[in-house]
Amino acid sequence: MSSAEVIKNFIDGEWRDCSSGKRIEVDDPSNGETVAVIAEAGPEEVHLAVAAADRVFRDRVLIDMHPYDRGRMLFRVADALESRSDEVAIINCIETGKALDLARGEVRTAVRYLRYYAGLADKLEGRSIPRGADLVDYTVRSPFGVSAQIVPWNGPSN
């Protein structure tokens with residue numbers, strides 16, 4: 001195991017080590033050198049993260065936030081990612097072995113998606129459906145909870 005600083009899991013506003021103490025070495029596939037050591041996220045970390053997300057969801061901060069402000073927040077995330085795009089692409093390239101131009105393209109795509117959804121935040125609306133005398137159906141788009149996923153990926157790809 002490398003003696004590099006351990007990158008911890010960010011859960012509920014703080015950096016946390018894995019409760020089991022397990023670590024994962026991230027190697028540069030081009031030379032086999034360890035480029036990072038990360039704290040594993042085990043069942044306890046997943047539970048803590050889902051509980052924190054559920055608490056925030058139930059606090060309704062984002063749900064009750066004006067849609068324009070939610071959009072502005074996502075635009076700030078997109079701007080922050082774009083300002084560090086070269087750094088993020090290089091890290092992606094080193095840890096996966098993919099070509100740098102592919103990694104840069106992935107970062108640009110992520111920035112585009114963030115800006116798309118930021119622009120959409122204050123444009124999603126419900127729909128009124130006339131149903132006859134004294135009746136109207138309407139839709140309201142609203143999130144209904146928290147979920148956790150394991151998202152596998154492979155690299156490099158063309």
# chains A, B, ... in the order shown; residues from 1 in each chain; ligands from 1
call {"tool": "residues_around", "arguments": {"residues": "Asp27 of chain A", "least_positions_apart": "5", "cutoff": "9 Å", "atoms": "only C-alpha atoms", "output": "NGL selection string"}}
result
:A and (32-37 or 94-96)
call {"tool": "residues_around", "arguments": {"residues": "Arg141 of chain A", "least_positions_apart": "2", "cutoff": "12 Å", "atoms": "only C-alpha atoms", "output": "PDB file with all heavy atoms, in the first residue's frame"}}
result
ATOM      1  N   ILE A  63     -35.800  21.977  -2.939  1.00  0.00           N
ATOM      2  CA  ILE A  63     -37.156  21.909  -3.491  1.00  0.00           C
ATOM      3  C   ILE A  63     -37.841  23.270  -3.392  1.00  0.00           C
ATOM      4  O   ILE A  63     -38.521  23.718  -4.313  1.00  0.00           O
ATOM      5  CB  ILE A  63     -37.991  20.837  -2.762  1.00  0.00           C
ATOM      6  CG1 ILE A  63     -37.394  19.444  -2.994  1.00  0.00           C
ATOM      7  CG2 ILE A  63     -39.444  20.873  -3.217  1.00  0.00           C
ATOM      8  CD1 ILE A  63     -37.987  18.374  -2.100  1.00  0.00           C
ATOM      9  N   PRO A  67     -36.670  28.389  -8.603  1.00  0.00           N
ATOM     10  CA  PRO A  67     -36.036  27.697  -9.733  1.00  0.00           C
ATOM     11  C   PRO A  67     -34.908  28.497 -10.383  1.00  0.00           C
ATOM     12  O   PRO A  67     -33.905  27.921 -10.809  1.00  0.00           O
ATOM     13  CB  PRO A  67     -37.189  27.484 -10.716  1.00  0.00           C
ATOM     14  CG  PRO A  67     -38.408  27.453  -9.854  1.00  0.00           C
ATOM     15  CD  PRO A  67     -38.129  28.420  -8.731  1.00  0.00           C
ATOM     16  N   ALA A 121     -33.881  24.758 -15.351  1.00  0.00           N
ATOM     17  CA  ALA A 121     -34.401  24.787 -13.975  1.00  0.00           C
ATOM     18  C   ALA A 121     -35.614  25.693 -13.804  1.00  0.00           C
ATOM     19  O   ALA A 121     -36.543  25.345 -13.082  1.00  0.00           O
ATOM     20  CB  ALA A 121     -33.293  25.209 -13.001  1.00  0.00           C
ATOM     21  N   ASP A 122     -35.634  26.829 -14.457  1.00  0.00           N
ATOM     22  CA  ASP A 122     -36.781  27.724 -14.281  1.00  0.00           C
ATOM     23  C   ASP A 122     -37.749  27.664 -15.462  1.00  0.00           C
ATOM     24  O   ASP A 122     -38.594  28.537 -15.630  1.00  0.00           O
ATOM     25  CB  ASP A 122     -36.326  29.166 -14.015  1.00  0.00           C
ATOM     26  CG  ASP A 122     -35.524  29.766 -15.157  1.00  0.00           C
ATOM     27  OD1 ASP A 122     -35.201  29.038 -16.122  1.00  0.00           O
ATOM     28  OD2 ASP A 122     -35.207  30.963 -15.076  1.00  0.00           O
ATOM     29  N   LYS A 123     -37.628  26.609 -16.248  1.00  0.00           N
ATOM     30  CA  LYS A 123     -38.531  26.468 -17.390  1.00  0.00           C
ATOM     31  C   LYS A 123     -39.429  25.243 -17.302  1.00  0.00           C
ATOM     32  O   LYS A 123     -40.369  25.107 -18.074  1.00  0.00           O
ATOM     33  CB  LYS A 123     -37.725  26.443 -18.684  1.00  0.00           C
ATOM     34  CG  LYS A 123     -37.085  27.804 -18.940  1.00  0.00           C
ATOM     35  CD  LYS A 123     -35.950  27.720 -19.894  1.00  0.00           C
ATOM     36  CE  LYS A 123     -35.192  29.013 -19.949  1.00  0.00           C
ATOM     37  NZ  LYS A 123     -34.343  29.251 -18.783  1.00  0.00           N
ATOM     38  N   LEU A 124     -39.135  24.326 -16.378  1.00  0.00           N
ATOM     39  CA  LEU A 124     -40.015  23.179 -16.177  1.00  0.00           C
ATOM     40  C   LEU A 124     -41.289  23.663 -15.508  1.00  0.00           C
ATOM     41  O   LEU A 124     -41.248  24.310 -14.467  1.00  0.00           O
ATOM     42  CB  LEU A 124     -39.350  22.128 -15.288  1.00  0.00           C
ATOM     43  CG  LEU A 124     -38.254  21.305 -15.925  1.00  0.00           C
ATOM     44  CD1 LEU A 124     -37.641  20.375 -14.884  1.00  0.00           C
ATOM     45  CD2 LEU A 124     -38.778  20.506 -17.093  1.00  0.00           C
ATOM     46  N   GLU A 125     -42.390  23.344 -16.101  1.00  0.00           N
ATOM     47  CA  GLU A 125     -43.667  23.805 -15.562  1.00  0.00           C
ATOM     48  C   GLU A 125     -44.640  22.641 -15.541  1.00  0.00           C
ATOM     49  O   GLU A 125     -44.454  21.636 -16.222  1.00  0.00           O
ATOM     50  CB  GLU A 125     -44.236  24.921 -16.437  1.00  0.00           C
ATOM     51  CG  GLU A 125     -43.346  26.140 -16.521  1.00  0.00           C
ATOM     52  CD  GLU A 125     -43.862  27.157 -17.520  1.00  0.00           C
ATOM     53  OE1 GLU A 125     -44.840  26.866 -18.236  1.00  0.00           O
ATOM     54  OE2 GLU A 125     -43.286  28.245 -17.571  1.00  0.00           O
ATOM     55  N   GLY A 126     -45.672  22.801 -14.749  1.00  0.00           N
ATOM     56  CA  GLY A 126     -46.750  21.830 -14.769  1.00  0.00           C
ATOM     57  C   GLY A 126     -47.603  22.038 -16.011  1.00  0.00           C
ATOM     58  O   GLY A 126     -47.336  22.908 -16.836  1.00  0.00           O
ATOM     59  N   ARG A 127     -48.616  21.237 -16.148  1.00  0.00           N
ATOM     60  CA  ARG A 127     -49.491  21.323 -17.309  1.00  0.00           C
ATOM     61  C   ARG A 127     -50.942  21.262 -16.836  1.00  0.00           C
ATOM     62  O   ARG A 127     -51.277  20.418 -16.010  1.00  0.00           O
ATOM     63  CB  ARG A 127     -49.179  20.149 -18.226  1.00  0.00           C
ATOM     64  CG  ARG A 127     -49.957  20.126 -19.485  1.00  0.00           C
ATOM     65  CD  ARG A 127     -49.456  19.004 -20.376  1.00  0.00           C
ATOM     66  NE  ARG A 127     -50.465  18.746 -21.385  1.00  0.00           N
ATOM     67  CZ  ARG A 127     -50.679  17.593 -21.942  1.00  0.00           C
ATOM     68  NH1 ARG A 127     -49.949  16.549 -21.609  1.00  0.00           N
ATOM     69  NH2 ARG A 127     -51.614  17.442 -22.834  1.00  0.00           N
ATOM     70  N   TYR A 138     -53.934  18.915 -13.260  1.00  0.00           N
ATOM     71  CA  TYR A 138     -52.673  19.605 -13.464  1.00  0.00           C
ATOM     72  C   TYR A 138     -51.524  18.728 -12.970  1.00  0.00           C
ATOM     73  O   TYR A 138     -51.707  17.865 -12.125  1.00  0.00           O
ATOM     74  CB  TYR A 138     -52.648  20.974 -12.786  1.00  0.00           C
ATOM     75  CG  TYR A 138     -52.736  20.942 -11.284  1.00  0.00           C
ATOM     76  CD1 TYR A 138     -51.580  20.955 -10.499  1.00  0.00           C
ATOM     77  CD2 TYR A 138     -53.966  20.913 -10.647  1.00  0.00           C
ATOM     78  CE1 TYR A 138     -51.650  20.914  -9.120  1.00  0.00           C
ATOM     79  CE2 TYR A 138     -54.054  20.891  -9.266  1.00  0.00           C
ATOM     80  CZ  TYR A 138     -52.891  20.886  -8.510  1.00  0.00           C
ATOM     81  OH  TYR A 138     -52.962  20.850  -7.150  1.00  0.00           O
ATOM     82  N   THR A 139     -50.375  18.956 -13.546  1.00  0.00           N
ATOM     83  CA  THR A 139     -49.180  18.213 -13.154  1.00  0.00           C
ATOM     84  C   THR A 139     -48.217  19.166 -12.461  1.00  0.00           C
ATOM     85  O   THR A 139     -48.130  20.342 -12.804  1.00  0.00           O
ATOM     86  CB  THR A 139     -48.467  17.594 -14.371  1.00  0.00           C
ATOM     87  OG1 THR A 139     -48.130  18.638 -15.280  1.00  0.00           O
ATOM     88  CG2 THR A 139     -49.324  16.566 -15.064  1.00  0.00           C
ATOM     89  N   PRO A 143     -39.457  16.159  -7.135  1.00  0.00           N
ATOM     90  CA  PRO A 143     -38.704  14.959  -6.767  1.00  0.00           C
ATOM     91  C   PRO A 143     -39.421  14.231  -5.632  1.00  0.00           C
ATOM     92  O   PRO A 143     -40.160  14.836  -4.861  1.00  0.00           O
ATOM     93  CB  PRO A 143     -37.357  15.508  -6.306  1.00  0.00           C
ATOM     94  CG  PRO A 143     -37.618  16.907  -5.915  1.00  0.00           C
ATOM     95  CD  PRO A 143     -38.761  17.378  -6.776  1.00  0.00           C
ATOM     96  N   PHE A 144     -39.203  12.925  -5.545  1.00  0.00           N
ATOM     97  CA  PHE A 144     -39.904  12.192  -4.496  1.00  0.00           C
ATOM     98  C   PHE A 144     -38.992  11.382  -3.593  1.00  0.00           C
ATOM     99  O   PHE A 144     -39.461  10.579  -2.805  1.00  0.00           O
ATOM    100  CB  PHE A 144     -41.004  11.303  -5.086  1.00  0.00           C
ATOM    101  CG  PHE A 144     -40.537  10.331  -6.116  1.00  0.00           C
ATOM    102  CD1 PHE A 144     -40.072   9.084  -5.740  1.00  0.00           C
ATOM    103  CD2 PHE A 144     -40.570  10.651  -7.457  1.00  0.00           C
ATOM    104  CE1 PHE A 144     -39.649   8.172  -6.687  1.00  0.00           C
ATOM    105  CE2 PHE A 144     -40.139   9.747  -8.406  1.00  0.00           C
ATOM    106  CZ  PHE A 144     -39.686   8.503  -8.027  1.00  0.00           C
TER     107      PHE A 144
END
call {"tool": "residues_around", "arguments": {"residues": "Val88 of chain A", "least_positions_apart": "6", "cutoff": "9 Å", "atoms": "only C-alpha atoms", "output": "PyMOL selection string"}}
result
chain A and resi 81+103-104+107
call {"tool": "write_last_selection", "arguments": {"atoms": "N, CA and C atoms", "output": "PDB file, in the first residue's frame"}}
result
ATOM      1  N   LEU A  81     -16.319  23.685 -12.882  1.00  0.00           N
ATOM      2  CA  LEU A  81     -15.767  22.535 -13.603  1.00  0.00           C
ATOM      3  C   LEU A  81     -15.007  22.990 -14.841  1.00  0.00           C
ATOM      4  N   ALA A 103     -10.630  12.499 -22.794  1.00  0.00           N
ATOM      5  CA  ALA A 103     -10.905  12.969 -21.436  1.00  0.00           C
ATOM      6  C   ALA A 103     -11.375  14.425 -21.461  1.00  0.00           C
ATOM      7  N   ARG A 104     -10.748  15.247 -22.275  1.00  0.00           N
ATOM      8  CA  ARG A 104     -11.184  16.652 -22.390  1.00  0.00           C
ATOM      9  C   ARG A 104     -12.604  16.736 -22.939  1.00  0.00           C
ATOM     10  N   VAL A 107     -15.123  16.058 -20.195  1.00  0.00           N
ATOM     11  CA  VAL A 107     -15.312  17.210 -19.311  1.00  0.00           C
ATOM     12  C   VAL A 107     -16.191  18.252 -20.007  1.00  0.00           C
TER      13      VAL A 107
END
call {"tool": "select_by_dssp", "arguments": {"residues": "segment 83-132 of chain A", "states": "alpha helix (DSSP H)", "output": "number ranges by chain"}}
result
A: 83, 85-96, 100-120
call {"tool": "write_last_selection", "arguments": {"atoms": "N, CA, C and O atoms", "output": "CSV table (one decimal), in the first residue's frame"}}
result
chain,number,residue,atom,x,y,z
A,83,SER,N,-13.5,25.8,-15.3
A,83,SER,CA,-12.3,26.5,-14.9
A,83,SER,C,-11.2,25.5,-14.6
A,83,SER,O,-10.0,25.9,-14.6
A,85,SER,N,-11.1,22.4,-16.1
A,85,SER,CA,-11.3,21.3,-17.1
A,85,SER,C,-10.0,20.6,-17.4
A,85,SER,O,-10.0,19.4,-17.6
A,86,ASP,N,-8.9,21.4,-17.6
A,86,ASP,CA,-7.6,20.7,-18.0
A,86,ASP,C,-7.2,19.8,-16.9
A,86,ASP,O,-6.7,18.7,-17.1
A,87,GLU,N,-7.3,20.3,-15.6
A,87,GLU,CA,-6.8,19.5,-14.5
A,87,GLU,C,-7.7,18.2,-14.4
A,87,GLU,O,-7.2,17.1,-14.2
A,88,VAL,N,-9.0,18.3,-14.5
A,88,VAL,CA,-9.9,17.2,-14.4
A,88,VAL,C,-9.6,16.2,-15.5
A,88,VAL,O,-9.6,15.0,-15.3
A,89,ALA,N,-9.4,16.7,-16.8
A,89,ALA,CA,-9.1,15.8,-17.9
A,89,ALA,C,-7.8,15.1,-17.7
A,89,ALA,O,-7.7,13.9,-18.0
A,90,ILE,N,-6.8,15.7,-17.2
A,90,ILE,CA,-5.5,15.1,-17.0
A,90,ILE,C,-5.6,14.0,-16.0
A,90,ILE,O,-5.1,12.8,-16.2
A,91,ILE,N,-6.3,14.2,-14.9
A,91,ILE,CA,-6.6,13.2,-13.9
A,91,ILE,C,-7.3,12.0,-14.5
A,91,ILE,O,-7.0,10.9,-14.2
A,92,ASN,N,-8.4,12.3,-15.2
A,92,ASN,CA,-9.1,11.3,-15.9
A,92,ASN,C,-8.3,10.4,-16.8
A,92,ASN,O,-8.3,9.2,-16.8
A,93,CYS,N,-7.4,11.1,-17.6
A,93,CYS,CA,-6.5,10.4,-18.5
A,93,CYS,C,-5.5,9.5,-17.7
A,93,CYS,O,-5.3,8.4,-18.1
A,94,ILE,N,-4.9,10.0,-16.7
A,94,ILE,CA,-3.9,9.3,-15.9
A,94,ILE,C,-4.6,8.1,-15.2
A,94,ILE,O,-4.0,7.0,-15.2
A,95,GLU,N,-5.8,8.2,-14.6
A,95,GLU,CA,-6.3,7.1,-13.9
A,95,GLU,C,-7.0,6.1,-14.7
A,95,GLU,O,-7.2,4.9,-14.3
A,96,THR,N,-7.4,6.4,-16.0
A,96,THR,CA,-8.1,5.4,-16.8
A,96,THR,C,-7.2,5.0,-18.0
A,96,THR,O,-7.5,3.9,-18.6
A,100,LEU,N,-6.0,11.9,-23.9
A,100,LEU,CA,-6.3,13.1,-23.3
A,100,LEU,C,-7.4,13.9,-24.0
A,100,LEU,O,-8.2,14.5,-23.4
A,101,ASP,N,-7.4,13.8,-25.3
A,101,ASP,CA,-8.5,14.5,-26.1
A,101,ASP,C,-9.9,13.9,-25.7
A,101,ASP,O,-10.9,14.6,-25.7
A,102,LEU,N,-9.9,12.6,-25.5
A,102,LEU,CA,-11.2,11.9,-25.1
A,102,LEU,C,-11.6,12.4,-23.7
A,102,LEU,O,-12.8,12.7,-23.4
A,103,ALA,N,-10.6,12.5,-22.8
A,103,ALA,CA,-10.9,13.0,-21.4
A,103,ALA,C,-11.4,14.4,-21.5
A,103,ALA,O,-12.3,14.8,-20.7
A,104,ARG,N,-10.7,15.2,-22.3
A,104,ARG,CA,-11.2,16.7,-22.4
A,104,ARG,C,-12.6,16.7,-22.9
A,104,ARG,O,-13.4,17.6,-22.5
A,105,GLY,N,-12.9,15.9,-23.9
A,105,GLY,CA,-14.3,15.8,-24.5
A,105,GLY,C,-15.3,15.5,-23.4
A,105,GLY,O,-16.4,16.0,-23.4
A,106,GLU,N,-14.9,14.5,-22.5
A,106,GLU,CA,-15.9,14.1,-21.5
A,106,GLU,C,-16.1,15.3,-20.5
A,106,GLU,O,-17.3,15.5,-20.1
A,107,VAL,N,-15.1,16.1,-20.2
A,107,VAL,CA,-15.3,17.2,-19.3
A,107,VAL,C,-16.2,18.3,-20.0
A,107,VAL,O,-17.1,18.8,-19.4
A,108,ARG,N,-15.9,18.5,-21.3
A,108,ARG,CA,-16.8,19.5,-22.0
A,108,ARG,C,-18.2,19.0,-22.0
A,108,ARG,O,-19.1,19.8,-21.9
A,109,THR,N,-18.4,17.7,-22.2
A,109,THR,CA,-19.8,17.2,-22.2
A,109,THR,C,-20.5,17.4,-20.9
A,109,THR,O,-21.6,17.8,-20.8
A,110,ALA,N,-19.7,17.1,-19.8
A,110,ALA,CA,-20.3,17.3,-18.5
A,110,ALA,C,-20.7,18.8,-18.3
A,110,ALA,O,-21.8,19.1,-17.7
A,111,VAL,N,-19.8,19.7,-18.7
A,111,VAL,CA,-20.1,21.1,-18.6
A,111,VAL,C,-21.4,21.5,-19.4
A,111,VAL,O,-22.3,22.2,-18.9
A,112,ARG,N,-21.5,20.9,-20.6
A,112,ARG,CA,-22.7,21.2,-21.4
A,112,ARG,C,-24.0,20.7,-20.7
A,112,ARG,O,-25.0,21.4,-20.7
A,113,TYR,N,-23.9,19.5,-20.1
A,113,TYR,CA,-25.1,18.9,-19.5
A,113,TYR,C,-25.5,19.8,-18.3
A,113,TYR,O,-26.6,20.1,-18.0
A,114,LEU,N,-24.5,20.2,-17.5
A,114,LEU,CA,-24.8,21.1,-16.3
A,114,LEU,C,-25.4,22.4,-16.8
A,114,LEU,O,-26.4,22.8,-16.2
A,115,ARG,N,-24.9,23.0,-17.8
A,115,ARG,CA,-25.5,24.2,-18.3
A,115,ARG,C,-26.9,24.0,-18.9
A,115,ARG,O,-27.8,24.8,-18.8
A,116,TYR,N,-27.1,22.9,-19.6
A,116,TYR,CA,-28.4,22.6,-20.1
A,116,TYR,C,-29.5,22.5,-19.0
A,116,TYR,O,-30.5,23.1,-19.1
A,117,TYR,N,-29.1,21.7,-18.0
A,117,TYR,CA,-30.1,21.6,-16.9
A,117,TYR,C,-30.2,22.8,-16.0
A,117,TYR,O,-31.3,23.1,-15.5
A,118,ALA,N,-29.1,23.6,-15.9
A,118,ALA,CA,-29.2,24.9,-15.3
A,118,ALA,C,-30.2,25.8,-16.0
A,118,ALA,O,-31.0,26.5,-15.4
A,119,GLY,N,-30.1,25.8,-17.3
A,119,GLY,CA,-31.1,26.6,-18.1
A,119,GLY,C,-32.5,26.1,-18.0
A,119,GLY,O,-33.4,26.9,-18.2
A,120,LEU,N,-32.7,24.9,-17.8
A,120,LEU,CA,-34.0,24.3,-17.7
A,120,LEU,C,-34.7,24.4,-16.4
A,120,LEU,O,-35.9,24.4,-16.3
call {"tool": "atom_distance", "arguments": {"atom1": "atom CA of Ile150 of chain A", "atom2": "atom CA of Ile38 of chain A"}}
result
16.7 Å
call {"tool": "residues_around", "arguments": {"residues": "Arg16 of chain A", "least_positions_apart": "5", "cutoff": "10 Å", "atoms": "only C-alpha atoms", "output": "list of chain:residue names"}}
result
A:Ile7, A:Lys8, A:Asn9, A:Phe10, A:Ile11, A:Ala39, A:Ala41, A:Glu45
call {"tool": "write_last_selection", "arguments": {"atoms": "C-alpha atoms", "output": "compact mmCIF listing (two decimals), in the first residue's frame"}}
result
# COMPACT_ATOMS: atom_id res chain seq x y z
CA ILE A 7 -8.44 10.84 -0.18
CA LYS A 8 -11.50 10.41 1.99
CA ASN A 9 -15.21 10.21 1.20
CA PHE A 10 -17.12 13.51 1.37
CA ILE A 11 -20.29 12.72 3.33
CA ALA A 39 -10.86 5.47 1.27
CA ALA A 41 -16.93 3.45 0.65
CA GLU A 45 -20.59 5.07 4.33
call {"tool": "residues_around", "arguments": {"residues": "Asp137 of chain A", "least_positions_apart": "6", "cutoff": "10 Å", "atoms": "only C-alpha atoms", "output": "PDB file with all heavy atoms, in the first residue's frame"}}
result
ATOM      1  N   ARG A 127     -48.616  21.237 -16.148  1.00  0.00           N
ATOM      2  CA  ARG A 127     -49.491  21.323 -17.309  1.00  0.00           C
ATOM      3  C   ARG A 127     -50.942  21.262 -16.836  1.00  0.00           C
ATOM      4  O   ARG A 127     -51.277  20.418 -16.010  1.00  0.00           O
ATOM      5  CB  ARG A 127     -49.179  20.149 -18.226  1.00  0.00           C
ATOM      6  CG  ARG A 127     -49.957  20.126 -19.485  1.00  0.00           C
ATOM      7  CD  ARG A 127     -49.456  19.004 -20.376  1.00  0.00           C
ATOM      8  NE  ARG A 127     -50.465  18.746 -21.385  1.00  0.00           N
ATOM      9  CZ  ARG A 127     -50.679  17.593 -21.942  1.00  0.00           C
ATOM     10  NH1 ARG A 127     -49.949  16.549 -21.609  1.00  0.00           N
ATOM     11  NH2 ARG A 127     -51.614  17.442 -22.834  1.00  0.00           N
ATOM     12  N   SER A 128     -51.761  22.144 -17.327  1.00  0.00           N
ATOM     13  CA  SER A 128     -53.186  22.118 -17.008  1.00  0.00           C
ATOM     14  C   SER A 128     -53.931  21.412 -18.119  1.00  0.00           C
ATOM     15  O   SER A 128     -53.690  21.676 -19.299  1.00  0.00           O
ATOM     16  CB  SER A 128     -53.736  23.541 -16.867  1.00  0.00           C
ATOM     17  OG  SER A 128     -53.102  24.188 -15.793  1.00  0.00           O
ATOM     18  N   ILE A 129     -54.838  20.521 -17.737  1.00  0.00           N
ATOM     19  CA  ILE A 129     -55.593  19.741 -18.719  1.00  0.00           C
ATOM     20  C   ILE A 129     -57.081  19.936 -18.439  1.00  0.00           C
ATOM     21  O   ILE A 129     -57.593  19.450 -17.426  1.00  0.00           O
ATOM     22  CB  ILE A 129     -55.230  18.245 -18.625  1.00  0.00           C
ATOM     23  CG1 ILE A 129     -53.711  18.064 -18.715  1.00  0.00           C
ATOM     24  CG2 ILE A 129     -55.967  17.431 -19.683  1.00  0.00           C
ATOM     25  CD1 ILE A 129     -53.229  16.713 -18.242  1.00  0.00           C
ATOM     26  N   PRO A 130     -57.788  20.689 -19.301  1.00  0.00           N
ATOM     27  CA  PRO A 130     -59.228  20.862 -19.085  1.00  0.00           C
ATOM     28  C   PRO A 130     -59.938  19.502 -19.129  1.00  0.00           C
ATOM     29  O   PRO A 130     -59.665  18.675 -19.998  1.00  0.00           O
ATOM     30  CB  PRO A 130     -59.678  21.741 -20.255  1.00  0.00           C
ATOM     31  CG  PRO A 130     -58.420  22.327 -20.807  1.00  0.00           C
ATOM     32  CD  PRO A 130     -57.316  21.377 -20.481  1.00  0.00           C
ATOM     33  N   ARG A 131     -60.814  19.258 -18.149  1.00  0.00           N
ATOM     34  CA  ARG A 131     -61.500  17.970 -18.069  1.00  0.00           C
ATOM     35  C   ARG A 131     -63.017  18.129 -18.099  1.00  0.00           C
ATOM     36  O   ARG A 131     -63.733  17.218 -17.724  1.00  0.00           O
ATOM     37  CB  ARG A 131     -61.109  17.261 -16.767  1.00  0.00           C
ATOM     38  CG  ARG A 131     -59.639  16.977 -16.607  1.00  0.00           C
ATOM     39  CD  ARG A 131     -59.198  15.883 -17.538  1.00  0.00           C
ATOM     40  NE  ARG A 131     -60.058  14.742 -17.333  1.00  0.00           N
ATOM     41  CZ  ARG A 131     -59.665  13.512 -17.187  1.00  0.00           C
ATOM     42  NH1 ARG A 131     -58.406  13.219 -17.270  1.00  0.00           N
ATOM     43  NH2 ARG A 131     -60.524  12.534 -17.004  1.00  0.00           N
TER      44      ARG A 131
END
call {"tool": "atom_distance", "arguments": {"atom1": "atom CA of Gly97 of chain A", "atom2": "atom CA of Ala80 of chain A"}}
result
24.4 Å
call {"tool": "atom_distance", "arguments": {"atom1": "atom CA of Ala49 of chain A", "atom2": "atom CA of Glu14 of chain A"}}
result
10.8 Å
call {"tool": "select_by_dssp", "arguments": {"residues": "chain A", "states": "strand (DSSP E)", "output": "PyMOL selection string"}}
result
chain A and resi 6-7+9-11+14-16+23-27+34-39+128-130+136-138
call {"tool": "write_last_selection", "arguments": {"atoms": "C-alpha atoms", "output": "tab-separated table (two decimals), in the first residue's frame"}}
result
chain	number	residue	atom	x	y	z
A	6	VAL	CA	-5.62	9.07	1.63
A	7	ILE	CA	-8.44	10.84	-0.18
A	9	ASN	CA	-15.21	10.21	1.20
A	10	PHE	CA	-17.12	13.51	1.37
A	11	ILE	CA	-20.29	12.72	3.33
A	14	GLU	CA	-17.21	16.48	5.97
A	15	TRP	CA	-14.38	14.27	4.80
A	16	ARG	CA	-14.68	10.77	6.30
A	23	ARG	CA	-8.09	1.66	1.03
A	24	ILE	CA	-8.07	1.48	-2.75
A	25	GLU	CA	-4.92	2.28	-4.71
A	26	VAL	CA	-5.49	4.03	-8.02
A	27	ASP	CA	-2.76	3.15	-10.48
A	34	THR	CA	0.10	4.56	-7.65
A	35	VAL	CA	-1.29	8.05	-8.32
A	36	ALA	CA	-3.80	8.16	-5.45
A	37	VAL	CA	-5.05	6.21	-2.47
A	38	ILE	CA	-8.73	6.54	-1.66
A	39	ALA	CA	-10.86	5.47	1.27
A	128	SER	CA	-53.19	22.12	-17.01
A	129	ILE	CA	-55.59	19.74	-18.72
A	130	PRO	CA	-59.23	20.86	-19.09
A	136	VAL	CA	-58.99	20.73	-14.24
A	137	ASP	CA	-56.14	18.25	-13.94
A	138	TYR	CA	-52.67	19.61	-13.46
call {"tool": "decode", "arguments": {"residues": "segment 84-98 of chain A", "atoms": "N, CA and C atoms", "output": "PDB file, in the first residue's frame"}}
result
ATOM      1  N   ARG A  84     -11.544  24.295 -14.221  1.00  0.00           N
ATOM      2  CA  ARG A  84     -10.553  23.273 -13.865  1.00  0.00           C
ATOM      3  C   ARG A  84     -10.558  22.128 -14.884  1.00  0.00           C
ATOM      4  N   SER A  85     -11.073  22.388 -16.075  1.00  0.00           N
ATOM      5  CA  SER A  85     -11.273  21.318 -17.051  1.00  0.00           C
ATOM      6  C   SER A  85      -9.978  20.615 -17.447  1.00  0.00           C
ATOM      7  N   ASP A  86      -8.892  21.368 -17.619  1.00  0.00           N
ATOM      8  CA  ASP A  86      -7.631  20.709 -17.977  1.00  0.00           C
ATOM      9  C   ASP A  86      -7.168  19.788 -16.858  1.00  0.00           C
ATOM     10  N   GLU A  87      -7.252  20.263 -15.628  1.00  0.00           N
ATOM     11  CA  GLU A  87      -6.837  19.455 -14.475  1.00  0.00           C
ATOM     12  C   GLU A  87      -7.684  18.182 -14.371  1.00  0.00           C
ATOM     13  N   VAL A  88      -8.991  18.313 -14.503  1.00  0.00           N
ATOM     14  CA  VAL A  88      -9.889  17.160 -14.409  1.00  0.00           C
ATOM     15  C   VAL A  88      -9.615  16.183 -15.548  1.00  0.00           C
ATOM     16  N   ALA A  89      -9.413  16.693 -16.754  1.00  0.00           N
ATOM     17  CA  ALA A  89      -9.138  15.825 -17.910  1.00  0.00           C
ATOM     18  C   ALA A  89      -7.822  15.075 -17.726  1.00  0.00           C
ATOM     19  N   ILE A  90      -6.805  15.733 -17.223  1.00  0.00           N
ATOM     20  CA  ILE A  90      -5.510  15.065 -17.013  1.00  0.00           C
ATOM     21  C   ILE A  90      -5.644  13.962 -15.973  1.00  0.00           C
ATOM     22  N   ILE A  91      -6.350  14.230 -14.882  1.00  0.00           N
ATOM     23  CA  ILE A  91      -6.567  13.196 -13.860  1.00  0.00           C
ATOM     24  C   ILE A  91      -7.324  12.020 -14.463  1.00  0.00           C
ATOM     25  N   ASN A  92      -8.363  12.310 -15.234  1.00  0.00           N
ATOM     26  CA  ASN A  92      -9.144  11.262 -15.890  1.00  0.00           C
ATOM     27  C   ASN A  92      -8.254  10.428 -16.809  1.00  0.00           C
ATOM     28  N   CYS A  93      -7.418  11.101 -17.564  1.00  0.00           N
ATOM     29  CA  CYS A  93      -6.491  10.436 -18.483  1.00  0.00           C
ATOM     30  C   CYS A  93      -5.525   9.529 -17.717  1.00  0.00           C
ATOM     31  N   ILE A  94      -4.932  10.039 -16.650  1.00  0.00           N
ATOM     32  CA  ILE A  94      -3.948   9.267 -15.883  1.00  0.00           C
ATOM     33  C   ILE A  94      -4.589   8.053 -15.220  1.00  0.00           C
ATOM     34  N   GLU A  95      -5.768   8.220 -14.626  1.00  0.00           N
ATOM     35  CA  GLU A  95      -6.333   7.106 -13.876  1.00  0.00           C
ATOM     36  C   GLU A  95      -7.022   6.062 -14.750  1.00  0.00           C
ATOM     37  N   THR A  96      -7.373   6.414 -15.988  1.00  0.00           N
ATOM     38  CA  THR A  96      -8.055   5.441 -16.849  1.00  0.00           C
ATOM     39  C   THR A  96      -7.210   4.969 -18.018  1.00  0.00           C
ATOM     40  N   GLY A  97      -6.205   5.741 -18.388  1.00  0.00           N
ATOM     41  CA  GLY A  97      -5.389   5.380 -19.538  1.00  0.00           C
ATOM     42  C   GLY A  97      -5.968   5.835 -20.862  1.00  0.00           C
ATOM     43  N   LYS A  98      -7.070   6.580 -20.816  1.00  0.00           N
ATOM     44  CA  LYS A  98      -7.666   7.029 -22.082  1.00  0.00           C
ATOM     45  C   LYS A  98      -6.889   8.211 -22.635  1.00  0.00           C
TER      46      LYS A  98
END
